[in-house]
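Trainee: If it helps, the file is called structure_28.txt and holds compact mmCIF, C-alpha atoms:
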```txt
# COMPACT_ATOMS: atom_id res chain seq x y z
CA MET A 296 0.00 0.00 0.00
CA MET A 297 2.79 2.43 0.90
CA GLU A 298 4.12 2.59 -2.66
CA TYR A 299 0.77 3.89 -3.97
CA SER A 300 0.56 7.52 -5.04
CA LYS A 301 -2.19 9.81 -3.78
CA GLU A 302 -4.01 9.47 -7.10
CA GLN A 303 -3.70 5.66 -7.11
CA ILE A 304 -5.16 5.30 -3.62
CA MET A 305 -8.01 7.67 -4.49
CA ASN A 306 -8.64 5.52 -7.56
CA GLU A 307 -8.76 2.37 -5.39
CA ILE A 308 -11.15 4.15 -2.99
CA GLN A 309 -13.43 5.04 -5.89
CA LYS A 310 -13.37 1.44 -7.17
CA ALA A 311 -14.15 -0.16 -3.79
CA GLY A 312 -16.64 2.62 -3.01
CA PHE A 313 -18.49 2.04 -6.25
CA ALA A 314 -18.71 -1.72 -5.67
CA ALA A 315 -20.03 -1.07 -2.15
CA VAL A 316 -22.66 1.44 -3.37
CA ASP A 317 -23.86 -0.89 -6.11
CA LEU A 318 -24.08 -3.93 -3.82
CA GLN A 319 -25.74 -1.89 -1.09
CA LEU A 320 -28.59 -0.88 -3.44
CA TYR A 321 -28.91 -4.51 -4.58
CA LEU A 322 -29.20 -5.65 -0.96
CA ASP A 323 -32.08 -3.22 -0.37
CA THR A 324 -34.26 -5.30 -2.68
CA HIS A 325 -32.50 -8.67 -2.06
CA PRO A 326 -31.91 -8.73 1.71
CA THR A 327 -31.65 -12.55 1.83
CA ASP A 328 -28.90 -12.88 -0.81
CA LYS A 329 -26.03 -14.24 1.31
CA LYS A 330 -23.47 -14.09 -1.49
CA ALA A 331 -24.21 -10.40 -2.16
CA LEU A 332 -24.02 -9.67 1.57
CA ALA A 333 -20.58 -11.31 1.77
CA GLN A 334 -19.41 -9.37 -1.29
CA PHE A 335 -20.74 -6.13 0.18
CA ASN A 336 -18.81 -6.74 3.40
CA GLN A 337 -15.65 -7.52 1.48
CA TYR A 338 -15.77 -4.18 -0.42
CA ALA A 339 -16.98 -2.21 2.60
CA ASN A 340 -13.99 -3.47 4.63
CA GLN A 341 -11.61 -2.74 1.78
CA LEU A 342 -13.07 0.77 1.47
CA LYS A 343 -12.64 1.42 5.19
CA MET A 344 -8.98 0.36 5.11
CA LEU A 345 -8.21 2.39 1.98
CA LYS A 346 -9.80 5.51 3.46
CA GLU A 347 -7.77 5.12 6.66
CA THR A 348 -4.56 4.77 4.65
CA TYR A 349 -5.38 7.78 2.49
CA SER A 350 -6.29 9.93 5.49
CA LYS A 351 -3.06 9.14 7.32
CA MET A 352 -0.91 9.91 4.29
CA TYR A 353 -2.70 12.75 2.53
CA GLY A 354 -5.38 14.28 4.78
CA PRO A 355 -8.94 13.70 5.93
CA ILE A 356 -11.52 12.19 3.59
CA GLU A 357 -14.38 11.66 6.09
CA GLN A 358 -15.88 14.77 7.68
CA LEU A 359 -16.44 13.17 11.11
CA ALA A 360 -13.46 10.76 11.32
CA PRO A 361 -10.85 11.48 14.02
CA THR A 362 -7.85 13.36 12.63
CA GLU A 363 -4.35 13.94 13.99
CA LYS A 364 -3.43 16.52 11.36
CA TYR A 365 -2.56 19.95 12.78
CA PRO A 366 -3.46 22.57 11.77
CA TYR A 367 -6.89 21.13 10.91
CA ALA A 368 -6.41 19.88 7.36
CA TRP A 369 -10.01 19.22 6.26
CA ILE A 370 -10.27 22.66 4.63
CA LEU A 371 -7.15 22.22 2.49
CA PRO A 372 -7.33 21.41 -1.25
CA PRO A 373 -8.05 19.32 -3.16
CA TRP A 374 -11.82 19.59 -2.88
CA PRO A 375 -13.39 17.00 -5.17
CA TRP A 376 -14.68 19.49 -7.76
CA MET A 377 -11.34 21.20 -8.33
CA LYS A 378 -9.69 21.17 -11.74
CA ILE A 379 -6.14 19.75 -11.70
CA SER A 380 -4.59 23.05 -12.93
CA MET A 381 -6.36 24.88 -10.09
CA ILE A 382 -5.05 22.50 -7.40
CA GLU A 383 -1.47 22.87 -8.63
CA GLU A 384 -1.79 26.68 -8.50
CA GLU A 385 -3.00 26.55 -4.89
CA GLU A 386 -0.32 24.08 -3.79
CA GLU A 387 2.51 26.23 -5.23
CA MET B 133 -28.36 12.73 8.81
CA TRP B 134 -25.75 12.92 6.11
CA THR B 135 -21.99 13.33 6.35
CA TYR B 136 -19.58 14.35 3.62
CA GLU B 137 -16.84 12.30 2.00
CA LYS B 138 -14.22 14.46 0.36
CA ARG B 139 -14.20 12.58 -2.94
CA LEU B 140 -16.27 12.07 -6.08
CA GLU B 141 -18.12 8.80 -6.66
CA TYR B 142 -16.30 8.53 -10.01
CA PRO B 143 -13.22 10.52 -11.13
CA ILE B 144 -13.67 13.68 -13.23
CA LYS B 145 -10.55 15.27 -14.68
CA ILE B 146 -11.54 17.63 -17.48
CA LYS B 147 -8.46 19.42 -18.81
CA LYS B 148 -10.02 21.54 -21.57
CA SER B 149 -12.62 24.22 -20.83
CA ASN B 150 -15.72 24.13 -23.04
CA PRO B 151 -18.52 26.56 -22.10
CA GLU B 152 -20.77 25.23 -24.86
CA MET B 153 -20.72 21.71 -23.37
CA ALA B 154 -21.22 23.20 -19.88
CA LYS B 155 -24.38 24.85 -21.18
CA TYR B 156 -25.77 21.47 -22.21
CA ILE B 157 -24.61 19.38 -19.23
CA ILE B 158 -26.13 21.85 -16.76
CA THR B 159 -29.55 20.41 -17.63
CA GLN B 160 -28.63 17.35 -15.54
CA TYR B 161 -28.03 19.77 -12.63
CA GLY B 162 -31.24 21.84 -12.70
CA GLY B 163 -33.27 20.47 -15.60
CA PRO B 164 -36.53 18.45 -15.63
CA ASP B 165 -34.75 15.05 -15.63
CA GLY B 166 -31.68 16.15 -13.69
CA GLU B 167 -30.02 14.95 -10.52
CA LEU B 168 -31.44 17.64 -8.21
CA GLY B 169 -34.98 16.63 -9.08
CA ALA B 170 -34.09 12.95 -8.82
CA SER B 171 -32.59 13.26 -5.35
CA LEU B 172 -35.35 15.50 -3.96
CA ARG B 173 -38.07 13.31 -5.50
CA TYR B 174 -36.82 10.06 -3.95
CA LEU B 175 -35.91 11.53 -0.58
CA THR B 176 -39.37 13.03 -0.14
CA GLN B 177 -41.23 9.96 -1.42
CA ARG B 178 -39.57 7.67 1.13
CA TYR B 179 -41.90 8.85 3.94
CA SER B 180 -44.93 7.20 2.36
CA MET B 181 -43.37 3.90 1.28
CA PRO B 182 -45.02 0.80 2.82
CA THR B 183 -42.22 -1.83 2.84
CA PRO B 184 -38.64 -1.87 4.19
CA GLN B 185 -37.25 -2.61 0.72
CA ALA B 186 -39.01 0.40 -0.83
CA GLN B 187 -38.10 2.67 2.09
CA GLY B 188 -34.46 1.59 1.81
CA ILE B 189 -34.18 1.92 -1.95
CA LEU B 190 -35.67 5.44 -2.02
CA ASN B 191 -33.43 6.56 0.84
CA ASP B 192 -30.30 5.10 -0.72
CA ILE B 193 -30.87 6.01 -4.38
CA GLY B 194 -31.85 9.53 -3.19
CA THR B 195 -28.49 9.63 -1.44
CA GLU B 196 -26.52 8.37 -4.46
CA GLU B 197 -28.23 11.03 -6.59
CA LEU B 198 -26.65 13.70 -4.38
CA ALA B 199 -23.26 12.27 -5.33
CA HIS B 200 -24.33 12.44 -8.99
CA LEU B 201 -25.48 16.05 -8.51
CA GLU B 202 -21.96 16.79 -7.29
CA MET B 203 -20.44 15.02 -10.31
CA VAL B 204 -22.57 17.04 -12.75
CA ALA B 205 -21.67 20.29 -10.94
CA THR B 206 -18.00 19.31 -11.08
CA MET B 207 -18.22 18.78 -14.84
CA VAL B 208 -19.90 22.18 -15.37
CA HIS B 209 -17.39 23.87 -13.06
CA GLN B 210 -14.37 22.33 -14.80
CA LEU B 211 -15.79 23.09 -18.27
CA MET B 212 -16.34 26.76 -17.32
CA LYS B 213 -13.07 27.15 -15.42
CA GLY B 214 -10.54 29.13 -17.44
CA ALA B 215 -12.98 30.01 -20.25
CA SER B 216 -12.66 33.65 -21.32
CA VAL B 217 -15.68 35.95 -21.69
CA GLU B 218 -15.03 35.92 -25.44
CA GLU B 219 -15.15 32.09 -25.53
CA ILE B 220 -18.30 32.09 -23.38
CA LYS B 221 -19.98 34.57 -25.74
CA LYS B 222 -19.02 32.50 -28.79
CA ALA B 223 -20.41 29.35 -27.14
CA GLY B 224 -23.80 31.05 -26.75
CA ALA B 225 -23.42 31.12 -22.97
CA GLY B 226 -23.31 34.94 -22.70
CA GLY B 227 -26.75 35.00 -21.10
CA TYR B 228 -25.62 32.48 -18.50
CA PHE B 229 -22.49 34.56 -17.82
CA ALA B 230 -24.64 37.70 -17.32
CA ASP B 231 -26.62 36.00 -14.56
CA HIS B 232 -24.07 33.63 -13.00
CA ASP B 233 -20.51 34.47 -14.20
CA HIS B 234 -18.58 31.13 -13.89
CA ALA B 235 -20.81 29.86 -11.05
CA VAL B 236 -22.90 26.68 -11.20
CA PHE B 237 -26.65 27.26 -11.01
CA TYR B 238 -29.82 25.12 -11.11
CA ILE B 239 -31.14 25.66 -14.64
CA ASP B 240 -31.83 23.48 -17.69
CA ALA B 241 -30.01 23.70 -21.05
CA SER B 242 -32.42 26.45 -22.19
CA GLY B 243 -32.03 28.56 -19.03
CA ASN B 244 -35.24 27.62 -17.18
CA PRO B 245 -34.72 27.49 -13.41
CA TRP B 246 -35.30 24.22 -11.52
CA SER B 247 -38.89 23.76 -10.39
CA ALA B 248 -40.64 21.47 -7.92
CA ASN B 249 -43.19 21.07 -10.74
CA TYR B 250 -40.75 18.52 -12.18
CA ILE B 251 -41.41 16.07 -9.34
CA GLN B 252 -44.25 14.57 -7.36
CA ALA B 253 -44.93 12.76 -4.09
CA LYS B 254 -48.35 11.20 -4.52
CA GLY B 255 -48.55 9.26 -1.26
CA ASP B 256 -49.41 6.24 -3.40
CA PRO B 257 -46.42 3.88 -3.62
CA ILE B 258 -47.44 2.38 -7.00
CA ALA B 259 -47.81 5.85 -8.55
CA ASP B 260 -44.55 7.10 -6.98
CA LEU B 261 -42.41 4.08 -7.94
CA THR B 262 -43.79 4.14 -11.48
CA GLU B 263 -42.83 7.84 -11.72
CA ASP B 264 -39.36 6.95 -10.43
CA MET B 265 -38.87 4.29 -13.10
CA ALA B 266 -39.90 6.77 -15.82
CA ALA B 267 -37.59 9.39 -14.29
CA GLU B 268 -34.61 7.02 -14.56
CA GLN B 269 -35.38 6.31 -18.22
CA LYS B 270 -35.70 10.04 -19.00
CA ALA B 271 -32.37 10.71 -17.25
CA ARG B 272 -30.76 7.84 -19.21
CA ALA B 273 -32.05 9.33 -22.49
CA THR B 274 -30.72 12.77 -21.49
CA TYR B 275 -27.26 11.35 -20.78
CA GLU B 276 -27.32 9.63 -24.17
CA ASN B 277 -28.12 12.98 -25.84
CA LEU B 278 -25.27 14.62 -23.91
CA ILE B 279 -22.85 11.86 -24.97
CA LYS B 280 -23.86 12.54 -28.61
CA LEU B 281 -23.15 16.27 -28.09
CA ALA B 282 -19.74 15.66 -26.48
CA ASP B 283 -16.41 15.05 -28.22
CA ASP B 284 -13.93 15.15 -25.31
CA PRO B 285 -13.20 11.69 -23.75
CA ASP B 286 -12.70 13.44 -20.37
CA VAL B 287 -16.37 14.47 -20.61
CA ILE B 288 -17.79 11.34 -22.25
CA ASP B 289 -16.32 8.96 -19.65
CA PRO B 290 -18.16 10.31 -16.56
CA LEU B 291 -21.33 10.81 -18.64
CA ARG B 292 -21.23 7.10 -19.50
CA PHE B 293 -20.85 6.22 -15.82
CA LEU B 294 -23.86 8.38 -14.92
CA ARG B 295 -25.92 6.87 -17.76
CA GLU B 296 -25.17 3.38 -16.50
CA ARG B 297 -26.31 4.26 -12.96
CA GLU B 298 -29.73 5.29 -14.32
CA VAL B 299 -30.10 1.80 -15.78
CA VAL B 300 -29.26 0.19 -12.41
CA HIS B 301 -31.63 2.51 -10.52
CA PHE B 302 -34.44 1.66 -12.96
CA GLN B 303 -33.85 -2.02 -12.22
CA ARG B 304 -33.90 -1.51 -8.42
CA PHE B 305 -37.10 0.61 -8.59
CA GLY B 306 -38.71 -2.13 -10.69
CA GLU B 307 -37.86 -4.69 -8.01
CA ALA B 308 -39.22 -2.40 -5.28
CA LEU B 309 -42.46 -1.91 -7.27
CA GLU B 310 -42.88 -5.68 -7.59
CA ILE B 311 -42.32 -6.14 -3.82
CA VAL B 312 -44.85 -3.38 -3.02
CA GLN B 313 -47.43 -4.86 -5.41
CA GLN B 314 -46.95 -8.31 -3.85
CA ASN B 315 -47.32 -6.77 -0.41
CA LEU B 316 -50.59 -5.04 -1.37
CA THR B 317 -51.97 -8.24 -2.95
CA ASN B 318 -51.15 -10.33 0.14
CA LYS B 319 -52.91 -7.84 2.40
CA LYS B 320 -56.25 -8.47 0.69
CA TYR B 321 -56.27 -12.08 1.92
CA TYR B 322 -56.08 -11.18 5.60
```
Now that the file is in, can you turn its structure into structure tokens?
Mentor:
Amino acid sequence: MMEYSKEQIMNEIQKAGFAAVDLQLYLDTHPTDKKALAQFNQYANQLKMLKETYSKMYGPIEQLAPTEKYPYAWILPPWPWMKISMIEEEEE
Amino acid sequence: MWTYEKRLEYPIKIKKSNPEMAKYIITQYGGPDGELGASLRYLTQRYSMPTPQAQGILNDIGTEELAHLEMVATMVHQLMKGASVEEIKKAGAGGYFADHDHAVFYIDASGNPWSANYIQAKGDPIADLTEDMAAEQKARATYENLIKLADDPDVIDPLRFLREREVVHFQRFGEALEIVQQNLTNKKYY
């Protein structure tokens, strides 16, 4: 995990997050599908771990998760909507 | 309640500004079949749903639509970012610039503001879920039109993701409708 760049970890978060979202909706209408439930848990656990790794290395991703970063880093870029050129300007 | 995750559901990295495309995509922000209407429709219909499956699916699709609303806004923002007033005028977005500069606002592709007239909460789960299924198909068709209007792969890629989600939501609403109908039929035998 440590050799992953910021962008690569975010990409992994988006992949696991998408799988979790899709399976979660499926479970709403198929609550007795054991296989789907196991798959959901697998991706949800993966997502949790990836988010913890990202937060430790690059800054908070969950609004209400504990954070050791000082000064409080939540407000720092990148915000999700920012254009790459804009983030680079602000980081300079 | 809701909390925020500082990420998009699907990556959007548009390098080239294009105010003309922004003018079209904004319809999925504040237009009749857009993500604002979708989210608000489902989240307000959940209160009158009769079964756990239907309550859950409206709550959770309504929540995912908020993430899609953010994706659409991000596309419009990145397409407008860096565009000069001259480019905006040429793209036919001068009227938009007059009212909103480079900001992102809830209008359709022709400039009409978002309206609660686009949505309904009938208090009748069959009527509401049938509306929701139609809404997903209309949103899918809109994304297909937008994909036809686009030529930048950075724009087409997230549009294709959003189109695909409409198909999945339609499927889930169909399943919820079937469960609700079954539930209503069973009740008559008591």
Trainee: Produce a table with one row for each residue of chain A that has an atom at most 10 Å from any atom of chain B, each row naming the nearest atom pair and its distance in Å at one decimal; use only C-alpha atoms; arrange rows by chain and rising residue number; format as JSON lines.
Mentor:
```
{"residue": "A:Met305", "atom": "CA", "partner": "B:Arg139", "partner_atom": "CA", "distance": 8.1}
{"residue": "A:Asn306", "atom": "CA", "partner": "B:Pro143", "partner_atom": "CA", "distance": 7.7}
{"residue": "A:Ile308", "atom": "CA", "partner": "B:Arg139", "partner_atom": "CA", "distance": 9.0}
{"residue": "A:Gln309", "atom": "CA", "partner": "B:Glu141", "partner_atom": "CA", "distance": 6.1}
{"residue": "A:Lys310", "atom": "CA", "partner": "B:Tyr142", "partner_atom": "CA", "distance": 8.2}
{"residue": "A:Gly312", "atom": "CA", "partner": "B:Glu141", "partner_atom": "CA", "distance": 7.3}
{"residue": "A:Phe313", "atom": "CA", "partner": "B:Glu141", "partner_atom": "CA", "distance": 6.8}
{"residue": "A:Val316", "atom": "CA", "partner": "B:Glu196", "partner_atom": "CA", "distance": 8.0}
{"residue": "A:Asp317", "atom": "CA", "partner": "B:Val300", "partner_atom": "CA", "distance": 8.4}
{"residue": "A:Gln319", "atom": "CA", "partner": "B:Asp192", "partner_atom": "CA", "distance": 8.4}
{"residue": "A:Leu320", "atom": "CA", "partner": "B:Ile189", "partner_atom": "CA", "distance": 6.4}
{"residue": "A:Tyr321", "atom": "CA", "partner": "B:Arg304", "partner_atom": "CA", "distance": 7.0}
{"residue": "A:Leu322", "atom": "CA", "partner": "B:Gln185", "partner_atom": "CA", "distance": 8.8}
{"residue": "A:Asp323", "atom": "CA", "partner": "B:Gln185", "partner_atom": "CA", "distance": 5.3}
{"residue": "A:Thr324", "atom": "CA", "partner": "B:Gln185", "partner_atom": "CA", "distance": 5.3}
{"residue": "A:His325", "atom": "CA", "partner": "B:Gln185", "partner_atom": "CA", "distance": 8.2}
{"residue": "A:Pro326", "atom": "CA", "partner": "B:Gln185", "partner_atom": "CA", "distance": 8.2}
{"residue": "A:Lys346", "atom": "CA", "partner": "B:Glu137", "partner_atom": "CA", "distance": 9.9}
{"residue": "A:Gly354", "atom": "CA", "partner": "B:Lys138", "partner_atom": "CA", "distance": 9.9}
{"residue": "A:Pro355", "atom": "CA", "partner": "B:Lys138", "partner_atom": "CA", "distance": 7.7}
{"residue": "A:Ile356", "atom": "CA", "partner": "B:Lys138", "partner_atom": "CA", "distance": 4.8}
{"residue": "A:Glu357", "atom": "CA", "partner": "B:Glu137", "partner_atom": "CA", "distance": 4.8}
{"residue": "A:Gln358", "atom": "CA", "partner": "B:Tyr136", "partner_atom": "CA", "distance": 5.5}
{"residue": "A:Leu359", "atom": "CA", "partner": "B:Thr135", "partner_atom": "CA", "distance": 7.3}
{"residue": "A:Trp369", "atom": "CA", "partner": "B:Lys138", "partner_atom": "CA", "distance": 8.7}
{"residue": "A:Pro372", "atom": "CA", "partner": "B:Lys138", "partner_atom": "CA", "distance": 9.9}
{"residue": "A:Pro373", "atom": "CA", "partner": "B:Lys138", "partner_atom": "CA", "distance": 8.6}
{"residue": "A:Trp374", "atom": "CA", "partner": "B:Lys138", "partner_atom": "CA", "distance": 6.5}
{"residue": "A:Pro375", "atom": "CA", "partner": "B:Arg139", "partner_atom": "CA", "distance": 5.0}
{"residue": "A:Trp376", "atom": "CA", "partner": "B:Thr206", "partner_atom": "CA", "distance": 4.7}
{"residue": "A:Met377", "atom": "CA", "partner": "B:Gln210", "partner_atom": "CA", "distance": 7.2}
{"residue": "A:Lys378", "atom": "CA", "partner": "B:Gln210", "partner_atom": "CA", "distance": 5.7}
{"residue": "A:Ile379", "atom": "CA", "partner": "B:Lys145", "partner_atom": "CA", "distance": 7.0}
{"residue": "A:Ser380", "atom": "CA", "partner": "B:Lys147", "partner_atom": "CA", "distance": 7.9}
{"residue": "A:Met381", "atom": "CA", "partner": "B:Lys213", "partner_atom": "CA", "distance": 8.9}
```
Trainee: Mind checking which residues fall within 12 Å of Ile288 (chain B), counting only C-alpha atoms, ignoring those fewer than 2 positions away in the same chain, and posting them as a list in words?
Mentor: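 Here the qualifying residues turn out to be Ile144, Lys145, Ile146, Met153, Ile157, Met207, Tyr275, Glu276, Asn277, Leu278, Ile279, Lys280, Leu281, Ala282, Asp283, Asp284, Pro285, Asp286, Pro290, Leu291, Arg292, Phe293, Leu294 and Arg295 of chain B.
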Trainee: CA of Tyr228 (chain B) to CA of Thr159 (chain B): how many Å, to one decimal?
Mentor: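 Computed distance, CA of Tyr228 (chain B) to CA of Thr159 (chain B), equals 12.7 Å.
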Trainee: Using Å and a single decimal, report how far CA of Ala315 (chain A) sits from CA of Tyr353 (chain A).
Mentor: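 Going from CA of Tyr353 (chain A) over to CA of Ala315 (chain A) covers 22.7 Å.
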Trainee: Can you work out the spacing between CA of Thr362 (chain A) and CA of His200 (chain B) in Å, to one decimal?
Mentor: 27.2 Å
Trainee: Env of Thr348 (chain A): 12 Å cut, atoms = all atoms listed in the file, seq-sep filter 4 positions within chain, self excluded. Answer as a list in words.
Mentor: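 Non-adjacent residues within range: Met296, Met297, Glu298, Tyr299, Ser300, Lys301, Gln303, Ile304, Met305, Glu307, Ile308, Gln341, Leu342, Lys343, Met344, Met352, Tyr353, Gly354, Pro355 and Ile356 of chain A.
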Trainee: So, with all atoms listed in the file as the atoms that count, which of B:Tyr161, B:Tyr250, B:Tyr156, B:Phe229 lies closest to Arg173 (chain B)?
Mentor: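 Smallest distance to Arg173 (chain B) is found for B:Tyr250.
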Trainee: Got a sec to write region 356-372 of chain A of the block to a file, N, CA and C atoms, as a compact mmCIF listing (two decimals), in the first residue's frame?
Mentor:
```txt
# COMPACT_ATOMS: atom_id res chain seq x y z
N ILE A 356 -10.59 12.45 4.69
CA ILE A 356 -11.52 12.19 3.59
C ILE A 356 -12.94 12.10 4.14
N GLU A 357 -13.07 11.74 5.44
CA GLU A 357 -14.38 11.66 6.09
C GLU A 357 -14.52 12.84 7.06
N GLN A 358 -15.63 13.56 6.91
CA GLN A 358 -15.88 14.77 7.68
C GLN A 358 -15.78 14.53 9.20
N LEU A 359 -16.33 13.39 9.67
CA LEU A 359 -16.44 13.17 11.11
C LEU A 359 -15.47 12.10 11.63
N ALA A 360 -14.45 11.73 10.84
CA ALA A 360 -13.46 10.76 11.32
C ALA A 360 -12.42 11.50 12.17
N PRO A 361 -11.89 10.83 13.22
CA PRO A 361 -10.85 11.48 14.02
C PRO A 361 -9.65 11.83 13.14
N THR A 362 -8.99 12.95 13.43
CA THR A 362 -7.85 13.36 12.63
C THR A 362 -6.73 13.90 13.52
N GLU A 363 -5.50 13.47 13.20
CA GLU A 363 -4.35 13.94 13.99
C GLU A 363 -3.66 15.12 13.32
N LYS A 364 -4.09 15.45 12.12
CA LYS A 364 -3.43 16.52 11.36
C LYS A 364 -3.64 17.88 12.05
N TYR A 365 -2.51 18.60 12.22
CA TYR A 365 -2.56 19.95 12.78
C TYR A 365 -1.68 20.86 11.94
N PRO A 366 -2.11 22.04 11.55
CA PRO A 366 -3.46 22.57 11.77
C PRO A 366 -4.51 21.74 11.01
N TYR A 367 -5.74 21.86 11.47
CA TYR A 367 -6.89 21.13 10.91
C TYR A 367 -6.85 21.15 9.38
N ALA A 368 -6.72 19.97 8.79
CA ALA A 368 -6.41 19.88 7.36
C ALA A 368 -7.63 19.68 6.46
N TRP A 369 -8.80 19.49 7.05
CA TRP A 369 -10.01 19.22 6.26
C TRP A 369 -10.23 20.29 5.18
N ILE A 370 -9.96 21.54 5.53
CA ILE A 370 -10.27 22.66 4.63
C ILE A 370 -9.29 22.80 3.47
N LEU A 371 -8.18 22.06 3.52
CA LEU A 371 -7.15 22.22 2.49
C LEU A 371 -7.55 21.55 1.17
N PRO A 372 -7.08 22.08 0.02
CA PRO A 372 -7.33 21.41 -1.25
C PRO A 372 -6.61 20.06 -1.29
```
